[in-house]
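For reference, protein-v4.txt is printed below; it contains compact mmCIF, N, CA and C atoms and all ligand atoms.
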# COMPACT_ATOMS: atom_id res chain seq x y z
N MET A 3 63.72 161.26 94.19
CA MET A 3 63.68 160.25 93.12
C MET A 3 65.03 160.15 92.42
N GLU A 4 65.45 158.95 92.13
CA GLU A 4 66.76 158.74 91.52
C GLU A 4 66.58 157.76 90.36
N ARG A 5 67.48 157.87 89.37
CA ARG A 5 67.46 156.94 88.24
C ARG A 5 68.77 156.17 88.16
N THR A 6 68.68 154.93 87.70
CA THR A 6 69.87 154.10 87.54
C THR A 6 69.74 153.24 86.30
N LEU A 7 70.87 152.76 85.79
CA LEU A 7 70.84 151.87 84.63
C LEU A 7 71.07 150.43 85.09
N SER A 8 70.24 149.53 84.58
CA SER A 8 70.47 148.11 84.82
C SER A 8 70.51 147.38 83.49
N ILE A 9 71.25 146.28 83.48
CA ILE A 9 71.35 145.44 82.28
C ILE A 9 71.11 143.99 82.69
N VAL A 10 70.22 143.31 81.96
CA VAL A 10 70.20 141.85 82.04
C VAL A 10 71.26 141.40 81.02
N LYS A 11 72.35 140.85 81.53
CA LYS A 11 73.51 140.52 80.70
C LYS A 11 73.20 139.31 79.80
N PRO A 12 74.07 139.02 78.81
CA PRO A 12 73.78 137.92 77.87
C PRO A 12 73.48 136.58 78.55
N ASP A 13 74.11 136.30 79.69
CA ASP A 13 73.81 135.03 80.38
C ASP A 13 72.40 135.03 80.95
N GLY A 14 71.96 136.19 81.45
CA GLY A 14 70.60 136.30 81.99
C GLY A 14 69.56 136.15 80.90
N VAL A 15 69.85 136.74 79.73
CA VAL A 15 68.91 136.60 78.60
C VAL A 15 68.87 135.14 78.16
N SER A 16 70.04 134.48 78.01
CA SER A 16 70.00 133.07 77.56
C SER A 16 69.31 132.16 78.56
N LYS A 17 69.44 132.48 79.84
CA LYS A 17 68.77 131.65 80.86
C LYS A 17 67.30 132.00 81.02
N ASN A 18 66.80 132.90 80.16
CA ASN A 18 65.37 133.27 80.20
C ASN A 18 64.97 133.97 81.50
N LEU A 19 65.87 134.83 81.99
CA LEU A 19 65.63 135.48 83.28
C LEU A 19 65.25 136.96 83.16
N ILE A 20 64.90 137.41 81.95
CA ILE A 20 64.55 138.83 81.77
C ILE A 20 63.39 139.19 82.71
N GLY A 21 62.34 138.40 82.65
CA GLY A 21 61.15 138.67 83.47
C GLY A 21 61.44 138.57 84.96
N GLU A 22 62.22 137.57 85.34
CA GLU A 22 62.56 137.36 86.76
C GLU A 22 63.29 138.59 87.32
N VAL A 23 64.25 139.12 86.54
CA VAL A 23 65.02 140.28 87.00
C VAL A 23 64.11 141.50 87.12
N ILE A 24 63.31 141.75 86.10
CA ILE A 24 62.43 142.92 86.12
C ILE A 24 61.41 142.77 87.27
N LYS A 25 60.91 141.56 87.47
CA LYS A 25 59.93 141.32 88.55
C LYS A 25 60.51 141.71 89.91
N ARG A 26 61.77 141.32 90.14
CA ARG A 26 62.38 141.65 91.43
C ARG A 26 62.54 143.16 91.62
N PHE A 27 62.88 143.86 90.54
CA PHE A 27 62.98 145.32 90.64
C PHE A 27 61.60 145.92 90.93
N GLU A 28 60.60 145.49 90.17
CA GLU A 28 59.25 146.05 90.35
C GLU A 28 58.71 145.74 91.73
N GLN A 29 58.95 144.52 92.22
CA GLN A 29 58.43 144.15 93.54
C GLN A 29 59.07 144.96 94.65
N ASN A 30 60.24 145.53 94.37
CA ASN A 30 60.92 146.36 95.35
C ASN A 30 60.64 147.85 95.14
N GLY A 31 59.60 148.14 94.39
CA GLY A 31 59.14 149.53 94.28
C GLY A 31 59.81 150.36 93.20
N LEU A 32 60.68 149.73 92.39
CA LEU A 32 61.32 150.49 91.30
C LEU A 32 60.41 150.48 90.09
N ARG A 33 60.45 151.56 89.31
CA ARG A 33 59.63 151.64 88.09
C ARG A 33 60.54 151.69 86.87
N VAL A 34 60.18 150.89 85.84
CA VAL A 34 60.91 150.91 84.57
C VAL A 34 60.48 152.16 83.80
N VAL A 35 61.44 153.03 83.46
CA VAL A 35 61.09 154.24 82.69
C VAL A 35 61.69 154.22 81.28
N ALA A 36 62.52 153.20 80.99
CA ALA A 36 63.06 153.00 79.63
C ALA A 36 63.52 151.55 79.56
N LEU A 37 63.38 150.95 78.35
CA LEU A 37 63.70 149.52 78.23
C LEU A 37 63.94 149.15 76.77
N LYS A 38 65.00 148.40 76.50
CA LYS A 38 65.19 147.84 75.16
C LYS A 38 66.17 146.68 75.17
N MET A 39 66.15 145.91 74.06
CA MET A 39 67.11 144.82 73.90
C MET A 39 68.16 145.28 72.90
N VAL A 40 69.43 145.06 73.25
CA VAL A 40 70.54 145.47 72.37
C VAL A 40 71.59 144.37 72.31
N LYS A 41 72.24 144.27 71.13
CA LYS A 41 73.40 143.38 71.02
C LYS A 41 74.59 144.31 70.86
N LEU A 42 75.44 144.37 71.88
CA LEU A 42 76.60 145.26 71.85
C LEU A 42 77.70 144.70 70.95
N SER A 43 78.35 145.59 70.21
CA SER A 43 79.59 145.18 69.53
C SER A 43 80.68 145.14 70.59
N LYS A 44 81.80 144.53 70.26
CA LYS A 44 82.94 144.51 71.18
C LYS A 44 83.34 145.95 71.56
N THR A 45 83.39 146.82 70.57
CA THR A 45 83.77 148.23 70.81
C THR A 45 82.76 148.93 71.72
N GLN A 46 81.48 148.65 71.53
CA GLN A 46 80.46 149.27 72.39
C GLN A 46 80.56 148.75 73.82
N ALA A 47 80.87 147.46 73.98
CA ALA A 47 81.06 146.89 75.32
C ALA A 47 82.29 147.52 75.98
N GLU A 48 83.35 147.72 75.21
CA GLU A 48 84.56 148.36 75.74
C GLU A 48 84.28 149.80 76.18
N GLY A 49 83.45 150.51 75.41
CA GLY A 49 83.09 151.89 75.77
C GLY A 49 82.27 151.93 77.05
N PHE A 50 81.35 151.00 77.19
CA PHE A 50 80.50 150.97 78.39
C PHE A 50 81.34 150.71 79.63
N TYR A 51 82.30 149.77 79.52
CA TYR A 51 83.12 149.38 80.67
C TYR A 51 84.49 150.05 80.66
N ALA A 52 84.58 151.24 80.05
CA ALA A 52 85.88 151.94 79.94
C ALA A 52 86.58 152.12 81.29
N VAL A 53 85.81 152.30 82.37
CA VAL A 53 86.44 152.46 83.70
C VAL A 53 87.28 151.23 84.10
N HIS A 54 86.98 150.10 83.49
CA HIS A 54 87.70 148.87 83.84
C HIS A 54 88.77 148.50 82.81
N LYS A 55 89.15 149.46 81.95
CA LYS A 55 90.01 149.07 80.81
C LYS A 55 91.38 148.53 81.22
N ASP A 56 91.86 148.87 82.41
CA ASP A 56 93.17 148.35 82.83
C ASP A 56 93.06 147.11 83.72
N LYS A 57 91.86 146.61 83.94
CA LYS A 57 91.68 145.44 84.80
C LYS A 57 92.00 144.16 84.03
N PRO A 58 92.48 143.14 84.73
CA PRO A 58 92.82 141.88 84.06
C PRO A 58 91.62 141.20 83.40
N PHE A 59 90.41 141.49 83.91
CA PHE A 59 89.22 140.82 83.38
C PHE A 59 88.57 141.57 82.21
N PHE A 60 89.17 142.70 81.77
CA PHE A 60 88.52 143.56 80.78
C PHE A 60 88.24 142.87 79.45
N GLN A 61 89.21 142.14 78.91
CA GLN A 61 89.03 141.47 77.61
C GLN A 61 87.91 140.43 77.69
N SER A 62 88.02 139.59 78.70
CA SER A 62 87.04 138.53 78.87
C SER A 62 85.63 139.11 79.12
N LEU A 63 85.57 140.14 79.96
CA LEU A 63 84.27 140.78 80.26
C LEU A 63 83.63 141.36 79.00
N THR A 64 84.42 142.05 78.19
CA THR A 64 83.83 142.70 77.01
C THR A 64 83.51 141.68 75.91
N ASP A 65 84.25 140.56 75.87
CA ASP A 65 83.87 139.45 74.98
C ASP A 65 82.50 138.90 75.40
N PHE A 66 82.37 138.65 76.69
CA PHE A 66 81.11 138.14 77.24
C PHE A 66 79.95 139.11 76.98
N MET A 67 80.16 140.38 77.26
CA MET A 67 79.07 141.36 77.12
C MET A 67 78.65 141.58 75.67
N SER A 68 79.54 141.22 74.73
CA SER A 68 79.18 141.37 73.31
C SER A 68 78.82 140.02 72.68
N SER A 69 78.65 138.99 73.51
CA SER A 69 78.42 137.64 72.98
C SER A 69 76.96 137.36 72.61
N GLY A 70 76.05 138.21 73.03
CA GLY A 70 74.63 137.98 72.75
C GLY A 70 73.83 139.18 73.20
N PRO A 71 72.53 139.16 72.93
CA PRO A 71 71.72 140.32 73.31
C PRO A 71 71.63 140.53 74.82
N CYS A 72 71.51 141.80 75.20
CA CYS A 72 71.29 142.23 76.58
C CYS A 72 69.94 142.95 76.62
N VAL A 73 69.36 143.05 77.80
CA VAL A 73 68.21 143.94 77.97
C VAL A 73 68.66 145.08 78.88
N VAL A 74 68.59 146.31 78.37
CA VAL A 74 69.02 147.47 79.15
C VAL A 74 67.78 148.26 79.56
N MET A 75 67.85 148.80 80.78
CA MET A 75 66.67 149.54 81.28
C MET A 75 67.09 150.65 82.23
N VAL A 76 66.26 151.67 82.29
CA VAL A 76 66.41 152.72 83.29
C VAL A 76 65.33 152.48 84.34
N LEU A 77 65.76 152.46 85.61
CA LEU A 77 64.84 152.26 86.73
C LEU A 77 64.81 153.54 87.55
N GLU A 78 63.63 153.86 88.04
CA GLU A 78 63.45 155.08 88.83
C GLU A 78 62.83 154.72 90.18
N GLY A 79 63.25 155.44 91.20
CA GLY A 79 62.66 155.23 92.52
C GLY A 79 63.50 155.91 93.58
N LYS A 80 63.04 155.82 94.82
CA LYS A 80 63.80 156.39 95.93
C LYS A 80 65.07 155.55 96.12
N ASP A 81 66.21 156.20 96.16
CA ASP A 81 67.50 155.50 96.32
C ASP A 81 67.67 154.35 95.32
N ALA A 82 67.27 154.61 94.07
CA ALA A 82 67.28 153.55 93.04
C ALA A 82 68.66 152.91 92.87
N ILE A 83 69.72 153.71 92.95
CA ILE A 83 71.07 153.18 92.69
C ILE A 83 71.43 152.12 93.74
N SER A 84 71.31 152.46 95.01
CA SER A 84 71.69 151.51 96.05
C SER A 84 70.67 150.37 96.15
N LYS A 85 69.40 150.66 95.88
CA LYS A 85 68.38 149.61 95.93
C LYS A 85 68.66 148.52 94.89
N VAL A 86 68.98 148.94 93.66
CA VAL A 86 69.28 147.96 92.60
C VAL A 86 70.53 147.14 92.99
N ARG A 87 71.56 147.79 93.53
CA ARG A 87 72.78 147.08 93.93
C ARG A 87 72.46 146.03 95.00
N GLU A 88 71.55 146.39 95.91
CA GLU A 88 71.15 145.47 96.97
C GLU A 88 70.39 144.25 96.40
N ILE A 89 69.49 144.50 95.46
CA ILE A 89 68.69 143.42 94.86
C ILE A 89 69.59 142.49 94.03
N MET A 90 70.62 143.07 93.37
CA MET A 90 71.56 142.28 92.55
C MET A 90 72.43 141.38 93.40
N GLY A 91 72.95 141.91 94.52
CA GLY A 91 73.93 141.19 95.33
C GLY A 91 75.35 141.47 94.88
N ALA A 92 76.31 140.95 95.65
CA ALA A 92 77.74 141.21 95.39
C ALA A 92 78.15 140.67 94.02
N THR A 93 79.20 141.29 93.46
CA THR A 93 79.71 140.92 92.14
C THR A 93 79.97 139.42 92.04
N ASP A 94 80.63 138.88 93.08
CA ASP A 94 80.91 137.44 93.13
C ASP A 94 79.72 136.73 93.77
N PRO A 95 79.04 135.88 93.01
CA PRO A 95 77.81 135.25 93.55
C PRO A 95 78.07 134.45 94.83
N LYS A 96 79.29 133.96 95.01
CA LYS A 96 79.60 133.21 96.23
C LYS A 96 79.56 134.12 97.46
N LYS A 97 79.75 135.43 97.23
CA LYS A 97 79.74 136.39 98.35
C LYS A 97 78.41 137.13 98.46
N ALA A 98 77.51 136.87 97.51
CA ALA A 98 76.23 137.60 97.49
C ALA A 98 75.28 137.05 98.55
N GLU A 99 74.50 137.95 99.14
CA GLU A 99 73.51 137.57 100.16
C GLU A 99 72.45 136.64 99.58
N THR A 100 71.91 135.79 100.43
CA THR A 100 70.78 134.93 100.08
C THR A 100 69.63 135.80 99.57
N GLY A 101 68.97 135.31 98.53
CA GLY A 101 67.79 136.03 98.02
C GLY A 101 68.12 137.11 97.01
N THR A 102 69.41 137.31 96.71
CA THR A 102 69.77 138.29 95.68
C THR A 102 69.80 137.60 94.31
N ILE A 103 69.70 138.39 93.26
CA ILE A 103 69.68 137.84 91.90
C ILE A 103 70.96 137.05 91.62
N ARG A 104 72.10 137.63 91.97
CA ARG A 104 73.37 136.95 91.66
C ARG A 104 73.54 135.67 92.48
N ARG A 105 73.15 135.69 93.73
CA ARG A 105 73.24 134.49 94.55
C ARG A 105 72.36 133.38 93.98
N ASP A 106 71.17 133.77 93.53
CA ASP A 106 70.21 132.77 93.05
C ASP A 106 70.53 132.25 91.65
N PHE A 107 71.16 133.06 90.79
CA PHE A 107 71.27 132.66 89.39
C PHE A 107 72.66 132.72 88.76
N ALA A 108 73.62 133.47 89.34
CA ALA A 108 74.89 133.70 88.64
C ALA A 108 75.78 132.46 88.67
N GLN A 109 76.50 132.29 87.57
CA GLN A 109 77.39 131.14 87.40
C GLN A 109 78.74 131.41 88.08
N ASN A 110 79.29 132.62 87.89
CA ASN A 110 80.58 132.99 88.49
C ASN A 110 80.71 134.51 88.52
N ILE A 111 81.89 134.99 88.95
CA ILE A 111 82.08 136.45 89.14
C ILE A 111 81.93 137.24 87.83
N GLU A 112 82.19 136.61 86.68
CA GLU A 112 82.03 137.31 85.40
C GLU A 112 80.60 137.20 84.88
N ARG A 113 80.14 135.96 84.79
CA ARG A 113 78.79 135.71 84.24
C ARG A 113 77.79 135.81 85.39
N ASN A 114 77.48 137.05 85.75
CA ASN A 114 76.70 137.29 86.97
C ASN A 114 75.35 137.96 86.70
N ILE A 115 74.79 137.70 85.51
CA ILE A 115 73.37 137.96 85.19
C ILE A 115 72.96 139.43 85.01
N VAL A 116 73.47 140.30 85.87
CA VAL A 116 72.87 141.63 85.93
C VAL A 116 73.91 142.71 86.22
N HIS A 117 73.66 143.90 85.70
CA HIS A 117 74.48 145.08 85.97
C HIS A 117 73.63 146.14 86.63
N GLY A 118 74.23 146.94 87.51
CA GLY A 118 73.57 148.13 88.06
C GLY A 118 74.60 149.22 88.29
N SER A 119 74.27 150.45 87.95
CA SER A 119 75.19 151.58 88.15
C SER A 119 75.61 151.65 89.62
N ASP A 120 76.85 152.12 89.87
CA ASP A 120 77.34 152.14 91.25
C ASP A 120 77.40 153.52 91.90
N SER A 121 77.04 154.58 91.16
CA SER A 121 77.07 155.94 91.74
C SER A 121 76.21 156.85 90.84
N LYS A 122 75.92 158.05 91.33
CA LYS A 122 75.16 159.01 90.52
C LYS A 122 75.89 159.33 89.22
N GLU A 123 77.23 159.46 89.32
CA GLU A 123 78.03 159.80 88.13
C GLU A 123 77.97 158.66 87.12
N SER A 124 78.15 157.42 87.57
CA SER A 124 78.11 156.31 86.61
C SER A 124 76.69 156.13 86.07
N ALA A 125 75.66 156.35 86.89
CA ALA A 125 74.28 156.23 86.40
C ALA A 125 74.04 157.22 85.27
N SER A 126 74.51 158.43 85.44
CA SER A 126 74.30 159.45 84.42
C SER A 126 75.03 159.10 83.12
N PHE A 127 76.28 158.66 83.22
CA PHE A 127 77.03 158.22 82.03
C PHE A 127 76.36 157.01 81.38
N GLU A 128 75.99 156.04 82.17
CA GLU A 128 75.47 154.77 81.64
C GLU A 128 74.07 154.94 81.02
N ILE A 129 73.22 155.76 81.64
CA ILE A 129 71.88 156.00 81.07
C ILE A 129 72.04 156.65 79.70
N SER A 130 72.90 157.66 79.62
CA SER A 130 73.05 158.36 78.33
C SER A 130 73.82 157.53 77.31
N TYR A 131 74.51 156.47 77.76
CA TYR A 131 75.18 155.57 76.81
C TYR A 131 74.15 154.81 75.97
N PHE A 132 72.99 154.54 76.56
CA PHE A 132 71.97 153.73 75.89
C PHE A 132 70.71 154.46 75.48
N PHE A 133 70.36 155.54 76.18
CA PHE A 133 69.05 156.15 75.95
C PHE A 133 69.17 157.66 75.76
N ASN A 134 68.35 158.20 74.83
CA ASN A 134 68.24 159.65 74.74
C ASN A 134 66.98 160.08 75.51
N ALA A 135 66.82 161.39 75.67
CA ALA A 135 65.74 161.92 76.52
C ALA A 135 64.36 161.45 76.07
N LEU A 136 64.17 161.30 74.76
CA LEU A 136 62.85 160.89 74.23
C LEU A 136 62.51 159.44 74.54
N GLU A 137 63.52 158.66 74.91
CA GLU A 137 63.31 157.23 75.18
C GLU A 137 63.08 156.94 76.67
N ILE A 138 63.13 157.99 77.49
CA ILE A 138 62.93 157.83 78.94
C ILE A 138 61.60 158.50 79.29
N HIS A 139 60.74 157.75 79.98
CA HIS A 139 59.34 158.18 80.12
C HIS A 139 58.95 158.52 81.55
N GLU A 140 58.14 159.56 81.66
CA GLU A 140 57.54 159.89 82.94
C GLU A 140 56.61 158.77 83.36
N ARG A 141 56.63 158.42 84.64
CA ARG A 141 55.70 157.40 85.13
C ARG A 141 54.86 158.00 86.25
N ARG A 142 53.60 157.72 86.22
CA ARG A 142 52.71 158.14 87.30
C ARG A 142 52.78 157.12 88.41
N GLU A 143 52.85 157.59 89.65
CA GLU A 143 52.86 156.65 90.78
C GLU A 143 51.46 156.10 91.01
N GLU A 144 51.39 154.82 91.29
CA GLU A 144 50.08 154.20 91.64
C GLU A 144 49.89 154.28 93.13
N1 LIG B 1 84.13 141.09 86.67
C1 LIG B 1 84.92 139.99 86.38
N2 LIG B 1 85.93 139.64 87.26
C2 LIG B 1 86.19 140.36 88.40
C3 LIG B 1 85.38 141.48 88.68
C4 LIG B 1 84.37 141.82 87.80
O1 LIG B 1 84.74 139.32 85.37
O2 LIG B 1 87.11 140.00 89.14
C5 LIG B 1 83.05 141.46 85.73
C6 LIG B 1 81.66 141.15 86.27
O3 LIG B 1 80.82 140.77 85.17
C7 LIG B 1 81.25 142.47 86.87
C8 LIG B 1 81.84 143.45 85.86
O4 LIG B 1 83.09 142.86 85.51
O5 LIG B 1 79.85 142.57 87.01
C9 LIG B 1 82.08 144.85 86.37
O6 LIG B 1 82.86 144.78 87.55
P1 LIG B 1 82.49 145.65 88.83
O7 LIG B 1 83.63 145.54 89.78
O8 LIG B 1 82.07 147.01 88.40
O9 LIG B 1 81.25 144.84 89.46
P2 LIG B 1 79.69 145.20 89.55
O10 LIG B 1 79.58 146.69 89.71
O11 LIG B 1 79.04 144.70 88.30
O12 LIG B 1 79.21 144.45 90.76
MG MG B 2 80.40 148.21 88.56
Mind converting the file's structure to structure tokens?
Amino acid sequence: MERTLSIVKPDGVSKNLIGEVIKRFEQNGLRVVALKMVKLSKTQAEGFYAVHKDKPFFQSLTDFMSSGPCVVMVLEGKDAISKVREIMGATDPKKAETGTIRRDFAQNIERNIVHGSDSKESASFEISYFFNALEIHERREE
């Protein structure tokens, strides 16, 4: 069993896609074990995306991520990290596979609806960025 962090980004929330994103995760066997809506400050967005601080898109990305509420969640399941990345599709929606969230809904490479951790190390950092142990729940398998 593995855990990963996903975010419905501000564009996904404005487009009313919270349920659509969660539905796709659930239909692929992932279980939500933590969930909340947050509005990040610019500084909080910069902290979350600190690995990208030297990238040319960092300012614009952190402006976007702090522009409105996000829905953040912890998902659990077998190979959760790679499974979520597969369901999301490539960063650039033009390169994303048919049937992925980004291919179906993203506007461009920045405003791409959804985030998913890319490794065990980033999942661990990102989960603890948003949730403490009491906010993450055991789930019984059906
Ligand atoms: N991003 C961007 N321009 C780029 C690459 C990425 O605006 O050229 C944004 C986009 O919102 C992306 C986020 O920065 O989701 C983090 O980039 P990363 O390369 O980690 O992509 P991801 O892991 O989200 O697919
Ligand atoms: Mg990434």
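When atom C of Asn114 of chain A is paired with atom N of Arg5 of chain A, their separation reads 21.6 Å.
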Could you list, with a cut-off of 5 Å and counting only N, CA and C atoms and all ligand atoms, the residues of chain A near ligand LIG 1 (chain B), each shown with its nearest atom pair and the distance in Å rounded to one decimal, rows sorted by chain and ascending number, as a tab-separated table?
residue	atom	partner	partner_atom	distance
A:Thr93	CA	B:LIG1	O12	3.8
A:Ile111	C	B:LIG1	C6	4.2
A:Glu112	CA	B:LIG1	O1	3.4
A:Arg113	N	B:LIG1	O3	4.9
Quick one: 4 Å padding each side, axis-aligned, all listed atoms of segment 122-136 of chain A - centre and edge lengths in Å to one decimal, as AutoDock Vina command-line options?
--center_x 70.3 --center_y 157.8 --center_z 82.8 --size_x 23.6 --size_y 16.2 --size_z 25.1
> Looking at A:Asp120, A:Asp13, A:Glu48, A:Glu22, which one is nearest to ligand MG 2 (chain B), with distances taken over all atoms listed in the file?
Replying inline: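 Selected residue with least distance to ligand MG 2 (chain B): A:Asp120.
Using only N, CA and C atoms and all ligand atoms, residues with at least one atom at most 8 Å away from any atom of ligand MG 2 (chain B) are His117, Gly118, Ser119, Asp120 and Ser121 of chain A.
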> Which one is closest to Gly31 of chain A: A:Lys80, A:Asp94, A:Ala108, A:Ile138? Count all atoms listed in the file.
Replying inline: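 Using all atoms listed in the file, the shortest distance to Gly31 of chain A belongs to A:Lys80.
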> Neighbours of Gly91 of chain A within 8 Å (all atoms listed in the file; same-chain residues fewer than 6 positions away dropped), as a VMD selection string?
Replying inline: chain A and resid 85 97 to 105
Starting from the incomplete input, reconstruct N, CA, C and O atoms of segment 75-91 of chain A and report them as an mmCIF file, in the frame of the given file.
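Saved to result_7.cif:
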data_model
loop_
_atom_site.group_PDB
_atom_site.id
_atom_site.type_symbol
_atom_site.label_atom_id
_atom_site.label_comp_id
_atom_site.auth_asym_id
_atom_site.auth_seq_id
_atom_site.Cartn_x
_atom_site.Cartn_y
_atom_site.Cartn_z
ATOM 1 N N MET A 75 67.850 148.800 80.780
ATOM 2 C CA MET A 75 66.670 149.540 81.280
ATOM 3 C C MET A 75 67.090 150.650 82.230
ATOM 4 O O MET A 75 68.142 150.566 82.878
ATOM 5 N N VAL A 76 66.260 151.670 82.290
ATOM 6 C CA VAL A 76 66.410 152.720 83.290
ATOM 7 C C VAL A 76 65.330 152.480 84.340
ATOM 8 O O VAL A 76 64.157 152.291 84.006
ATOM 9 N N LEU A 77 65.760 152.460 85.610
ATOM 10 C CA LEU A 77 64.840 152.260 86.730
ATOM 11 C C LEU A 77 64.810 153.540 87.550
ATOM 12 O O LEU A 77 65.842 154.190 87.731
ATOM 13 N N GLU A 78 63.630 153.860 88.040
ATOM 14 C CA GLU A 78 63.450 155.080 88.830
ATOM 15 C C GLU A 78 62.830 154.720 90.180
ATOM 16 O O GLU A 78 61.986 153.835 90.255
ATOM 17 N N GLY A 79 63.250 155.440 91.200
ATOM 18 C CA GLY A 79 62.660 155.230 92.520
ATOM 19 C C GLY A 79 63.500 155.910 93.580
ATOM 20 O O GLY A 79 64.557 156.465 93.278
ATOM 21 N N LYS A 80 63.040 155.820 94.820
ATOM 22 C CA LYS A 80 63.800 156.390 95.930
ATOM 23 C C LYS A 80 65.070 155.550 96.120
ATOM 24 O O LYS A 80 64.990 154.319 96.191
ATOM 25 N N ASP A 81 66.210 156.200 96.160
ATOM 26 C CA ASP A 81 67.500 155.500 96.320
ATOM 27 C C ASP A 81 67.670 154.350 95.320
ATOM 28 O O ASP A 81 68.132 153.258 95.680
ATOM 29 N N ALA A 82 67.270 154.610 94.070
ATOM 30 C CA ALA A 82 67.280 153.550 93.040
ATOM 31 C C ALA A 82 68.660 152.910 92.870
ATOM 32 O O ALA A 82 68.759 151.692 92.684
ATOM 33 N N ILE A 83 69.720 153.710 92.950
ATOM 34 C CA ILE A 83 71.070 153.180 92.690
ATOM 35 C C ILE A 83 71.430 152.120 93.740
ATOM 36 O O ILE A 83 71.799 150.990 93.388
ATOM 37 N N SER A 84 71.310 152.460 95.010
ATOM 38 C CA SER A 84 71.690 151.510 96.050
ATOM 39 C C SER A 84 70.670 150.370 96.150
ATOM 40 O O SER A 84 71.024 149.224 96.443
ATOM 41 N N LYS A 85 69.400 150.660 95.880
ATOM 42 C CA LYS A 85 68.380 149.610 95.930
ATOM 43 C C LYS A 85 68.660 148.520 94.890
ATOM 44 O O LYS A 85 68.623 147.328 95.193
ATOM 45 N N VAL A 86 68.980 148.940 93.660
ATOM 46 C CA VAL A 86 69.280 147.960 92.600
ATOM 47 C C VAL A 86 70.530 147.140 92.990
ATOM 48 O O VAL A 86 70.544 145.926 92.821
ATOM 49 N N ARG A 87 71.560 147.790 93.530
ATOM 50 C CA ARG A 87 72.780 147.080 93.930
ATOM 51 C C ARG A 87 72.460 146.030 95.000
ATOM 52 O O ARG A 87 73.013 144.941 95.010
ATOM 53 N N GLU A 88 71.550 146.390 95.910
ATOM 54 C CA GLU A 88 71.150 145.470 96.970
ATOM 55 C C GLU A 88 70.390 144.250 96.400
ATOM 56 O O GLU A 88 70.650 143.114 96.790
ATOM 57 N N ILE A 89 69.490 144.500 95.460
ATOM 58 C CA ILE A 89 68.690 143.420 94.860
ATOM 59 C C ILE A 89 69.590 142.490 94.030
ATOM 60 O O ILE A 89 69.381 141.285 93.978
ATOM 61 N N MET A 90 70.620 143.070 93.370
ATOM 62 C CA MET A 90 71.560 142.280 92.550
ATOM 63 C C MET A 90 72.430 141.380 93.400
ATOM 64 O O MET A 90 72.725 140.262 93.037
ATOM 65 N N GLY A 91 72.950 141.910 94.520
ATOM 66 C CA GLY A 91 73.930 141.190 95.330
ATOM 67 C C GLY A 91 75.350 141.470 94.880
ATOM 68 O O GLY A 91 75.585 142.112 93.858
#
